[in-house]
Structures are given as C-alpha cells and as structure tokens.
Amino acid sequence: MDIATGVGILSGISVIVGLIMIDGGNFAAYFDKHAVIVIFGGATAATMIRFPFSVIMHGLPMGLRFAFTMRAVRPRELIDEITRVAELARKSGPVALESAEVSDPFLAQGLRYIADGYDKDFIRDRMERDRDNFLQRLDEGSSVYRAIGDCAPAWGMIGTILGMVTMFANMSDPSKLGPAMAMALLATLYGAVIANMITLPIADKLHIKLEEEEISRTLIIDGVLQMRDSKSATLVREMLLAYLPDYHRAEMAEAA
C-alpha cells in the first residue's frame with residue numbers, strides 16, 4: 001500500500017479540522033448545501049462533458065485504486081528475478097519456465113509464452129499491446145482526476161458569483177445576506193480543497209505510477225525477449241541494468 005497518499009490526505013483534513021477547532025469548533029458554519037450542489041453537481045457535469053461515461057466509470061475507481069497501491073515488484077527486484085529465471089531456462093530449457101514461480105503477473109505471462117513455444121514477434125507484439133492498453137487506462141484515470149481538479153475551483157468561483165448576486169439582490173433584507181455570503185465563500189473553499197488536496201494530487205500520483213509501470217513493463221518485455229533468444233543470464237542482467245539510475249547500478253554491481 002502507498003501510505004504516502006493516505007497520510008497526505010489525512011494530514012490535509014487534519015489541518016482544516018484543526019483550524020476550525022482553534023476558531024471555536026463550529027463545524028456547522030462550514031457547511032452550505034447550495035455550495036455543495038454547485039461544486040459537486042457542476043464538477044460532475046463538466047467532467048461528463050469532457051469524457052465518455054465509460055471512461056469516467058472505470059477511470060475513477062482505477063485511479064483511486066492505483067493512487068493507494070504501490071507496485072509489488074520494483075525494477076531492481078525484477079532484474080534479479082528475471083536473471084534467476086533466465087539461468088533456469090539456460091540450464092533446464094524453456095519448458096522449465098512453465099513451473100517457475102515469479103511475483104509479477106506480467107512477467108509470468110511472458111514466461112508462459114516462452115514455455116508454450118511462441119515466436120519472438122508474437123511475444124513482443126502481444127506484450128507491448130497489453131502494456132500499452134494498461135497504460136492507456138491508467139492515463140485515462142489520471143486525466144479524469146485532473147479534469148475534476150481543473151473545474152472544481154472554477155465552479156467554486158461560479159458559486160461565489162451566484163452568492164454575491166443573491167446578496168446584492170437582497171440588500172434590503174438583512175436576513176438573506178448571511179446565507180448568500182456563506183454560499184459565496186464556502187463554494188470557493190470547497191472547490192479549492194477538492195482540487196488542491198484530493199483530485200490534482202491524485203492525478204500527479206497516477207502520472208508517476210504510469211511512468212513506473214511503463215519502465216517496469218518495458219523492462220520485463222526486453223527480459224522475456226532475451227530469454228526467448230536463449231541469452232545467458234549475465235547478458236540479460238547487463239542489458240536490463242540500463243533501466244536503472246546510475247546509483248542503483250552501482251549498488252547492484254557492488255552486491256554482485
């Protein structure tokens with residue numbers, strides 16, 4: 001689990017709750033149903049205009065899931081694992097890969113292709129297509145959250161304008177000035193909080209996860225193709241080390 005996402009959101013909520021408590025703890029003063037309708041209704045409507053409904057329905061839950069989870073296997077661990085199974089393939093033949101235990105499902109899929117005797121072009125085409133489809137879906141999730149983050153502050157401003165219009169239209173009735181001003185200010189608050197504490201940070205986190213997945217899956221594809229060509233484990237390892245930063249390569253070289 002990616003605890004940084006959860007800790008970050010909880011920390012942001014704690015800051016807001018703490019400030020309200022310092023000011024007296026009147027939480028009811030920070031709720032306005034008109035502002036809620038403007039922000040959530042308006043942001044939802046704008047997002048539905050931007051994206052097909054199917055993209056929203058699978059982009060929101062997928063994005064939320066990957067924002068709170070981390071990749072099970074890191075590139076360094078992948079290289080060690082691929083080196084191990086490459087050595088197994090050299091000693092016992094490609095059929096031995098069928099029973100090899102690996103922790104990454106995408107790598108396991110590639111090993112099954114080798115064990116089943118598929119040619120190199122088929123393996124490359126199929127695995128690259130699977131990688132690109134997965135990255136596209138993850139990018140759609142990031143785009144949906146970024147769209148919500150982009151339009152939430154704008155709808156907050158719309159709520160502020162509506163509240164100001166209501167306030168100025170009822171200057172002769174002081175009882176209506178307070179609710180109108182509350183809507184104007186709280187709509188801006190809701191829009192800023194949703195955008196800057198939830199949706200935009202999640203969109204940025206998903207973009208980082210997308211880059212990590214692209215590197216890891218491309219690394220796996222190259223490793224599988226090298227094993228399909230019966231390359232030695234040492235050669236496979238040296239080729240895959242190019243995916244790591246310099247300091248990681250130095251650490252792995254010292255460990256070796």
# chains A, B, ... in the order shown; residues from 1 in each chain; ligands from 1
$ closest_atom_pairs --of "segment 53-157 of chain A" --to "segment 175-191 of chain A" --cutoff "12 Å" --atoms "only C-alpha atoms" --output "tab-separated table"
residue	atom	partner	partner_atom	distance
A:Ile148	CA	A:Gly191	CA	9.7
A:Gly149	CA	A:Gly191	CA	8.3
A:Asp150	CA	A:Gly191	CA	9.5
A:Cys151	CA	A:Gly191	CA	8.2
A:Ala152	CA	A:Gly191	CA	4.6
A:Pro153	CA	A:Gly191	CA	4.3
A:Ala154	CA	A:Gly191	CA	7.4
A:Trp155	CA	A:Gly191	CA	6.8
A:Gly156	CA	A:Thr188	CA	4.1
A:Met157	CA	A:Thr188	CA	5.8
$ closest_atom_pairs --of "segment 193-244 of chain A" --to "segment 98-112 of chain A" --cutoff "8 Å" --atoms "only C-alpha atoms" --output "CSV"
residue,atom,partner,partner_atom,distance
A:Arg217,CA,A:Phe106,CA,7.3
A:Ile220,CA,A:Leu107,CA,6.0
A:Ile221,CA,A:Gly110,CA,7.4
A:Val224,CA,A:Gly110,CA,6.0
$ select_by_dssp --residues "segment 12-179 of chain A" --states "helix (DSSP H, G or I)" --output "PyMOL selection string"
chain A and resi 12-22+27-30+33-50+53-67+75-92+94-99+105-115+120-169+174-179
$ closest_residue --among "A:Arg129, A:Arg84, A:Arg146, A:Gly8" --to "Arg50 of chain A" --atoms "only C-alpha atoms"
A:Arg146
$ closest_residue --among "A:Asp204, A:Met57, A:Met197, A:Pro245" --to "Ser11 of chain A" --atoms "only C-alpha atoms"
A:Met197
$ closest_residue --among "A:Leu10, A:Pro174, A:Val144, A:Pro75" --to "Phe53 of chain A" --atoms "only C-alpha atoms"
A:Val144
$ residues_around --residues "Asn133 of chain A" --least-positions-apart "4" --cutoff "12 Å" --atoms "only C-alpha atoms" --output "PDB file with N, CA and C atoms, in the first residue's frame"
ATOM      1  N   ARG A 126       2.283  -9.031 -28.598  1.00  0.00           N
ATOM      2  CA  ARG A 126       1.236  -9.239 -27.589  1.00  0.00           C
ATOM      3  C   ARG A 126       1.551  -8.506 -26.288  1.00  0.00           C
ATOM      4  N   MET A 127       2.781  -8.591 -25.820  1.00  0.00           N
ATOM      5  CA  MET A 127       3.117  -7.968 -24.543  1.00  0.00           C
ATOM      6  C   MET A 127       3.154  -6.447 -24.654  1.00  0.00           C
ATOM      7  N   GLU A 128       3.635  -5.926 -25.762  1.00  0.00           N
ATOM      8  CA  GLU A 128       3.610  -4.473 -25.941  1.00  0.00           C
ATOM      9  C   GLU A 128       2.183  -3.955 -26.033  1.00  0.00           C
ATOM     10  N   ARG A 129       1.304  -4.722 -26.669  1.00  0.00           N
ATOM     11  CA  ARG A 129      -0.095  -4.300 -26.756  1.00  0.00           C
ATOM     12  C   ARG A 129      -0.746  -4.314 -25.373  1.00  0.00           C
ATOM     13  N   ARG A 137      -5.332   2.975 -19.962  1.00  0.00           N
ATOM     14  CA  ARG A 137      -6.397   3.023 -18.947  1.00  0.00           C
ATOM     15  C   ARG A 137      -5.946   3.809 -17.724  1.00  0.00           C
ATOM     16  N   LEU A 138      -4.688   3.639 -17.330  1.00  0.00           N
ATOM     17  CA  LEU A 138      -4.181   4.386 -16.182  1.00  0.00           C
ATOM     18  C   LEU A 138      -4.097   5.874 -16.501  1.00  0.00           C
ATOM     19  N   ASP A 139      -3.743   6.216 -17.725  1.00  0.00           N
ATOM     20  CA  ASP A 139      -3.683   7.619 -18.138  1.00  0.00           C
ATOM     21  C   ASP A 139      -5.081   8.232 -18.166  1.00  0.00           C
ATOM     22  N   GLU A 140      -6.076   7.444 -18.555  1.00  0.00           N
ATOM     23  CA  GLU A 140      -7.447   7.952 -18.534  1.00  0.00           C
ATOM     24  C   GLU A 140      -7.880   8.288 -17.109  1.00  0.00           C
ATOM     25  N   LEU A 210       2.188   5.775 -13.626  1.00  0.00           N
ATOM     26  CA  LEU A 210       2.190   5.399 -15.045  1.00  0.00           C
ATOM     27  C   LEU A 210       3.618   5.284 -15.569  1.00  0.00           C
ATOM     28  N   GLU A 213       5.178   2.118 -14.159  1.00  0.00           N
ATOM     29  CA  GLU A 213       4.671   0.920 -14.819  1.00  0.00           C
ATOM     30  C   GLU A 213       5.239   0.781 -16.224  1.00  0.00           C
ATOM     31  N   GLU A 214       5.398   1.888 -16.920  1.00  0.00           N
ATOM     32  CA  GLU A 214       5.953   1.829 -18.280  1.00  0.00           C
ATOM     33  C   GLU A 214       7.381   1.304 -18.250  1.00  0.00           C
ATOM     34  N   ARG A 217       7.302  -2.564 -17.099  1.00  0.00           N
ATOM     35  CA  ARG A 217       6.759  -3.486 -18.098  1.00  0.00           C
ATOM     36  C   ARG A 217       7.641  -3.545 -19.337  1.00  0.00           C
TER      37      ARG A 217
END
$ atom_distance --atom1 "atom CA of Leu88 of chain A" --atom2 "atom CA of Leu241 of chain A"
19.3 Å
$ atom_distance --atom1 "atom CA of Thr160 of chain A" --atom2 "atom CA of Ile37 of chain A"
12.6 Å
$ closest_residue --among "A:Val236, A:Ile22, A:Ala45, A:Ala28" --to "Asp80 of chain A" --atoms "only C-alpha atoms"
A:Val236
$ residues_around --residues "Met1 of chain A" --least-positions-apart "3" --cutoff "10 Å" --atoms "only C-alpha atoms" --output "PyMOL selection string"
chain A and resi 4-6+65-72
$ write_last_selection --atoms "N, CA and C atoms" --output "CSV table (one decimal), in the first residue's frame"
chain,number,residue,atom,x,y,z
A,4,ALA,N,1.8,7.0,1.6
A,4,ALA,CA,2.0,8.5,1.4
A,4,ALA,C,0.7,9.1,1.0
A,5,THR,N,-0.1,8.5,0.1
A,5,THR,CA,-1.3,9.0,-0.3
A,5,THR,C,-2.3,9.2,0.8
A,6,GLY,N,-2.5,8.1,1.6
A,6,GLY,CA,-3.4,8.2,2.7
A,6,GLY,C,-3.0,9.2,3.8
A,65,ARG,N,-7.7,3.3,-6.9
A,65,ARG,CA,-7.0,2.1,-6.5
A,65,ARG,C,-5.5,2.2,-6.7
A,66,PHE,N,-5.0,2.7,-7.8
A,66,PHE,CA,-3.6,2.8,-8.0
A,66,PHE,C,-3.0,4.0,-7.2
A,67,ALA,N,-3.8,5.0,-6.9
A,67,ALA,CA,-3.2,6.0,-6.0
A,67,ALA,C,-2.9,5.6,-4.6
A,68,PHE,N,-3.6,4.5,-4.2
A,68,PHE,CA,-3.3,4.0,-2.8
A,68,PHE,C,-2.5,2.7,-2.8
A,69,THR,N,-2.1,2.2,-4.0
A,69,THR,CA,-1.3,1.0,-4.0
A,69,THR,C,0.0,1.3,-4.7
A,70,MET,N,1.0,0.4,-4.3
A,70,MET,CA,2.3,0.5,-4.9
A,70,MET,C,2.6,-0.7,-5.7
A,71,ARG,N,3.5,-0.6,-6.7
A,71,ARG,CA,3.9,-1.8,-7.5
A,71,ARG,C,4.5,-2.8,-6.6
A,72,ALA,N,4.1,-4.1,-6.8
A,72,ALA,CA,4.5,-5.2,-5.9
A,72,ALA,C,6.0,-5.4,-6.0
